[in-house]
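Chemist: My file is run_4.txt. It has compact mmCIF, C-alpha atoms:
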```
# COMPACT_ATOMS: atom_id res chain seq x y z
CA MET A 1 271.79 -12.10 83.14
CA GLU A 2 268.82 -14.44 83.10
CA ILE A 3 266.13 -14.74 85.74
CA ARG A 4 263.84 -17.74 85.45
CA LYS A 5 260.68 -18.37 87.47
CA LEU A 6 262.01 -16.30 90.38
CA THR A 7 259.68 -16.54 93.37
CA VAL A 8 260.27 -14.94 96.74
CA GLU A 9 258.01 -15.34 99.76
CA PHE A 10 258.17 -13.88 103.24
CA GLU A 11 256.02 -15.61 105.87
CA GLY A 12 253.61 -16.90 103.23
CA ASN A 13 253.37 -13.54 101.43
CA ARG A 14 254.53 -13.93 97.83
CA VAL A 15 256.43 -10.76 96.92
CA ILE A 16 257.75 -11.96 93.56
CA ASN A 17 255.84 -14.59 91.62
CA GLU A 18 257.60 -16.62 88.91
CA LEU A 19 259.40 -13.63 87.37
CA ASP A 20 261.22 -14.23 84.08
CA LEU A 21 263.67 -11.58 82.86
CA ASP A 22 266.53 -11.41 80.42
CA ILE A 23 268.80 -8.47 81.18
CA THR A 24 271.15 -7.72 78.32
CA GLU A 25 271.35 -3.95 78.78
CA SER A 26 274.17 -2.33 80.73
CA VAL A 27 271.91 -0.08 82.82
CA VAL A 28 268.44 -1.11 83.99
CA ALA A 29 266.03 0.81 86.23
CA LEU A 30 263.44 -0.95 88.37
CA MET A 31 260.30 1.07 88.96
CA GLY A 32 256.94 0.54 90.57
CA PRO A 33 254.97 1.47 93.67
CA SER A 34 256.34 0.72 97.13
CA GLY A 35 255.90 -2.90 98.09
CA ARG A 36 256.10 -4.21 94.52
CA GLY A 37 259.36 -6.12 95.05
CA LYS A 38 262.10 -3.83 93.74
CA THR A 39 264.24 -4.20 96.87
CA THR A 40 263.44 -7.89 97.10
CA LEU A 41 264.51 -8.46 93.49
CA LEU A 42 267.82 -6.66 94.08
CA ARG A 43 268.43 -8.67 97.25
CA ALA A 44 267.61 -11.93 95.46
CA ILE A 45 270.09 -11.11 92.68
CA ALA A 46 272.68 -10.35 95.39
CA GLY A 47 271.94 -13.70 97.05
CA LEU A 48 270.68 -12.08 100.25
CA VAL A 49 267.20 -13.62 100.37
CA GLU A 50 265.98 -17.14 99.80
CA TYR A 51 264.17 -17.72 96.53
CA SER A 52 263.10 -20.43 94.16
CA GLY A 53 263.91 -20.30 90.48
CA GLU A 54 267.19 -19.38 88.86
CA ILE A 55 269.41 -16.34 88.54
CA ILE A 56 272.09 -16.95 85.92
CA GLY A 57 275.06 -14.77 85.05
CA VAL A 58 275.85 -13.13 88.38
CA ASN A 59 279.19 -14.06 89.89
CA HIS A 60 280.18 -11.19 92.15
CA PRO A 61 277.41 -8.67 92.90
CA VAL A 62 278.06 -5.37 94.67
CA MET A 63 275.06 -3.83 96.46
CA LEU A 64 274.11 -0.42 97.75
CA PHE A 65 271.31 -0.87 100.26
CA GLN A 66 268.31 1.42 100.50
CA GLU A 67 269.29 2.34 104.04
CA ASP A 68 272.76 3.69 104.69
CA ARG A 69 274.90 1.24 106.63
CA LEU A 70 277.53 3.43 108.22
CA PHE A 71 279.42 3.16 111.50
CA PRO A 72 278.96 6.28 113.65
CA TRP A 73 282.26 5.74 115.46
CA LEU A 74 284.19 5.94 112.17
CA ASN A 75 284.82 9.07 110.13
CA VAL A 76 283.85 9.55 106.48
CA ARG A 77 287.11 8.19 105.03
CA GLN A 78 287.08 5.15 107.33
CA ASN A 79 283.48 4.31 106.38
CA ALA A 80 284.26 4.66 102.68
CA ALA A 81 287.29 2.38 103.08
CA LEU A 82 285.48 -0.47 104.85
CA PHE A 83 285.65 -2.87 101.90
CA THR A 84 288.93 -1.93 100.26
CA LYS A 85 292.60 -1.51 101.02
CA ASP A 86 293.04 0.86 98.07
CA ALA A 87 293.41 4.27 99.73
CA SER A 88 293.73 6.06 96.40
CA SER A 89 290.36 4.67 95.29
CA VAL A 90 288.75 5.92 98.50
CA GLU A 91 290.23 9.40 98.02
CA TYR A 92 289.20 9.46 94.37
CA TRP A 93 285.54 8.58 95.00
CA LEU A 94 285.23 10.90 97.99
CA GLU A 95 286.52 13.75 95.83
CA ARG A 96 284.24 12.86 92.88
CA LEU A 97 281.23 12.73 95.21
CA GLY A 98 282.01 16.13 96.73
CA LEU A 99 283.09 14.80 100.12
CA GLU A 100 286.75 15.87 100.07
CA ALA A 101 286.24 18.66 102.63
CA VAL A 102 284.50 16.38 105.15
CA LYS A 103 286.56 13.19 104.77
CA ASP A 104 287.87 13.41 108.36
CA SER A 105 284.48 14.36 109.84
CA SER A 106 282.28 12.17 111.96
CA ILE A 107 279.42 10.54 110.10
CA THR A 108 277.03 11.87 112.73
CA THR A 109 277.75 15.48 111.71
CA LEU A 110 276.70 14.94 108.08
CA SER A 111 273.34 15.52 106.44
CA GLY A 112 271.37 12.53 105.19
CA GLY A 113 272.37 13.30 101.59
CA MET A 114 276.04 13.41 102.52
CA GLN A 115 275.74 10.13 104.40
CA ARG A 116 274.15 8.63 101.28
CA ARG A 117 277.16 9.72 99.22
CA VAL A 118 279.53 8.13 101.79
CA SER A 119 277.65 4.84 101.36
CA LEU A 120 278.00 5.22 97.60
CA ALA A 121 281.73 5.91 97.91
CA ALA A 122 282.14 2.66 99.87
CA MET A 123 280.24 0.75 97.19
CA LEU A 124 282.21 2.37 94.37
CA CYS A 125 285.44 1.15 95.97
CA CYS A 126 284.27 -2.45 95.50
CA ASP A 127 284.68 -4.55 92.39
CA GLY A 128 282.04 -6.83 90.98
CA ASP A 129 280.34 -7.93 87.80
CA VAL A 130 276.91 -6.55 88.69
CA PHE A 131 276.20 -3.32 90.58
CA LEU A 132 272.86 -3.33 92.41
CA LEU A 133 271.66 -0.01 93.81
CA ASP A 134 268.51 0.35 95.88
CA GLU A 135 267.35 3.95 95.47
CA PRO A 136 270.87 5.34 94.99
CA THR A 137 269.72 8.97 94.83
CA ARG A 138 267.46 8.86 97.90
CA GLY A 139 267.76 12.13 99.80
CA LEU A 140 269.81 13.86 97.10
CA ASP A 141 269.06 17.02 95.17
CA GLU A 142 269.05 16.84 91.38
CA GLN A 143 272.64 18.04 90.99
CA ASN A 144 274.04 15.47 93.43
CA ALA A 145 271.80 12.77 91.97
CA ASP A 146 273.38 13.42 88.57
CA ILE A 147 276.89 13.32 90.05
CA VAL A 148 276.10 10.03 91.79
CA MET A 149 274.71 8.40 88.67
CA GLN A 150 277.65 9.59 86.57
CA CYS A 151 280.05 8.11 89.13
CA VAL A 152 278.16 4.80 89.13
CA LEU A 153 278.22 4.60 85.34
CA GLN A 154 281.91 5.48 85.26
CA ARG A 155 282.77 2.82 87.86
CA ALA A 156 280.61 0.10 86.35
CA GLN A 157 281.61 0.70 82.75
CA GLY A 158 281.29 -2.55 80.83
CA LYS A 159 279.32 -4.18 83.66
CA THR A 160 275.64 -4.43 84.52
CA VAL A 161 273.98 -1.79 86.70
CA ILE A 162 270.49 -2.36 88.10
CA PHE A 163 268.99 0.41 90.20
CA SER A 164 265.60 0.99 91.77
CA THR A 165 264.01 4.40 91.74
CA HIS A 166 260.69 6.19 92.07
CA SER A 167 261.92 8.91 89.69
CA LEU A 168 260.81 8.37 86.10
CA ALA A 169 263.05 11.27 85.03
CA LEU A 170 266.11 9.61 86.58
CA ALA A 171 265.25 6.26 85.00
CA GLN A 172 264.72 7.83 81.57
CA LYS A 173 267.95 9.79 81.81
CA TYR A 174 270.26 6.95 82.85
CA ALA A 175 268.70 3.56 82.10
CA GLN A 176 268.75 1.77 78.79
CA ARG A 177 265.72 -0.20 79.96
CA ILE A 178 263.02 0.46 82.53
CA ILE A 179 261.33 -2.53 84.15
CA ASP A 180 258.00 -1.73 85.79
CA LEU A 181 257.28 -4.18 88.59
```
Re-express the file's structure as structure tokens.

Modeler:
Amino acid sequence: MEIRKLTVEFEGNRVINELDLDITESVVALMGPSGRGKTTLLRAIAGLVEYSGEIIGVNHPVMLFQEDRLFPWLNVRQNAALFTKDASSVEYWLERLGLEAVKDSSITTLSGGMQRRVSLAAMLCCDGDVFLLDEPTRGLDEQNADIVMQCVLQRAQGKTVIFSTHSLALAQKYAQRIIDL
């Protein structure tokens, strides 16, 4: 993936200024203080914000947003299955993420960490060439964070993964490259 002179502005505020990046690694972590543009960069790569410059080598991105986007009127399994018709994939990822016992439960009865894993299950059921994850382990303890990252790496094997994090330990453990914004 190549990023050339990427610039993103919101209401005259330049969040990313002529960024040039070559991403050849399979797993890349974005780090930096809040407000530095990590989320904006992920959204630009996903084609969700207007930008100038070029992003080359992304055909079908899959994104996990920083905030969980779940429907409270659907149960766990239904939320995880929103973007796929492959029921076996849904069951597989729910089991791998430790959600087997609550798959028929209402989203509203789950902790924040469990809701995060439901969002991840939905993303893992999607196929793409680039997996973009905005703080994938937000709200998770260390054990569940490791499970989540192992699932992501398993699912995206042979593809590019770019994730944002505030955890240097997580970035060092899972990323082949850390980009400090």

Chemist: Kindly provide the residues of segment 86-132 of chain A that approach segment 63-81 of chain A to within 8 Å, each paired with its closest atom pair and their distance in Å to one decimal, based on all atoms listed in the file, listed by chain and increasing number, as CSV.

Modeler:
```
residue,atom,partner,partner_atom,distance
A:Asp86,CA,A:Ala81,CA,7.8
A:Ala87,CA,A:Ala81,CA,7.2
A:Val90,CA,A:Ala81,CA,6.0
A:Glu91,CA,A:Arg77,CA,7.8
A:Leu94,CA,A:Arg77,CA,7.8
A:Val102,CA,A:Val76,CA,7.0
A:Lys103,CA,A:Val76,CA,4.8
A:Asp104,CA,A:Asn75,CA,5.6
A:Ser105,CA,A:Asn75,CA,5.3
A:Ser106,CA,A:Asn75,CA,4.4
A:Ile107,CA,A:Pro72,CA,5.6
A:Thr108,CA,A:Pro72,CA,6.0
A:Gln115,CA,A:Asp68,CA,7.1
A:Arg116,CA,A:Asp68,CA,6.2
A:Val118,CA,A:Ala80,CA,5.9
A:Ser119,CA,A:Asp68,CA,6.0
A:Leu120,CA,A:Leu64,CA,6.9
A:Ala121,CA,A:Ala80,CA,5.5
A:Ala122,CA,A:Ala80,CA,4.0
A:Met123,CA,A:Leu64,CA,6.3
A:Cys125,CA,A:Ala81,CA,7.4
A:Phe131,CA,A:Met63,CA,6.0
A:Leu132,CA,A:Met63,CA,4.6
```

Chemist: Using all atoms listed in the file, find the one residue out of A:Glu100, A:Glu18, A:Glu9, A:Asp129 that sits nearest to Val62 of chain A.

Modeler: A:Asp129

Chemist: Interatomic distance between atom CA of Thr165 of chain A and atom CA of Lys38 of chain A?

Modeler: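 Rounded to one decimal, the two atoms are 8.7 Å apart.
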
Chemist: Provide the atom CA of Thr24 of chain A to atom CA of Gly158 of chain A distance in Å, to one decimal place.

Modeler: 11.7 Å

Chemist: Suppose you want the space between atom CA of Val15 of chain A and atom CA of Gly37 of chain A; what is it in Å?

Modeler: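 Separating atom CA of Val15 of chain A from atom CA of Gly37 of chain A is a distance of 5.8 Å.
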
Chemist: Using all atoms listed in the file, which residues sit within 8 Å of Lys5 of chain A once same-chain residues fewer than 5 positions away are excluded, as a PDB file with C-alpha atoms, keeping the file's coordinate frame?

Modeler:
```pdb
ATOM      1  CA  ASN A  17     255.840 -14.590  91.620  1.00  0.00           C
ATOM      2  CA  GLU A  18     257.600 -16.620  88.910  1.00  0.00           C
ATOM      3  CA  LEU A  19     259.400 -13.630  87.370  1.00  0.00           C
ATOM      4  CA  ASP A  20     261.220 -14.230  84.080  1.00  0.00           C
ATOM      5  CA  SER A  52     263.100 -20.430  94.160  1.00  0.00           C
ATOM      6  CA  GLY A  53     263.910 -20.300  90.480  1.00  0.00           C
ATOM      7  CA  GLU A  54     267.190 -19.380  88.860  1.00  0.00           C
TER       8      GLU A  54
END
```

Chemist: What's around Glu2 of chain A at 6 Å? Count only C-alpha atoms, leave out sequence neighbours fewer than 4 positions away in its own chain, and write the answer as a list in words.

Modeler: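 Once the nearby chain positions are removed, what remains is Leu21, Asp22, Ile55 and Ile56 of chain A.
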
Chemist: When distances are computed from only C-alpha atoms, which of A:Ser167, A:Thr160, A:Thr40, A:Ser34 shows the smallest separation from Gly57 of chain A?

Modeler: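 Distance minimum relative to Gly57 of chain A lands on A:Thr160.
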
Chemist: Calculated over only C-alpha atoms, which of the candidates A:Arg117, A:Lys159, A:His166, A:Arg177 has the smallest distance to Val58 of chain A?

Modeler: A:Lys159

Chemist: Which residue gives the smallest distance to Glu95 of chain A among A:Ala29, A:Val148, A:Ile179, A:Ile23, with all atoms listed in the file counted?

Modeler: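 Result for the nearest residue to Glu95 of chain A: A:Val148.
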
Chemist: Give me, as a list in words, all polymer residues having an atom no more than 10 Å from Met149 of chain A, counting all atoms listed in the file and skipping those fewer than 5 positions away in the same chain.

Modeler: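 Contacts, with the query itself left out: Pro136, Thr137, Asn144, Gln154, Arg155, Phe163, Leu170, Lys173 and Tyr174 of chain A.
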
Chemist: Let me make sure I understand: among A:Val28, A:Val161, A:Ile16, A:Ile45, which one has the smallest atom-to-atom distance to Asn59 of chain A if we use all atoms listed in the file?

Modeler: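 Smallest distance to Asn59 of chain A is found for A:Ile45.
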
Chemist: Which of these residues is nearest to Ala46 of chain A, using only C-alpha atoms: A:Leu82, A:Leu168, A:Leu133, A:Ile147?

Modeler: A:Leu133
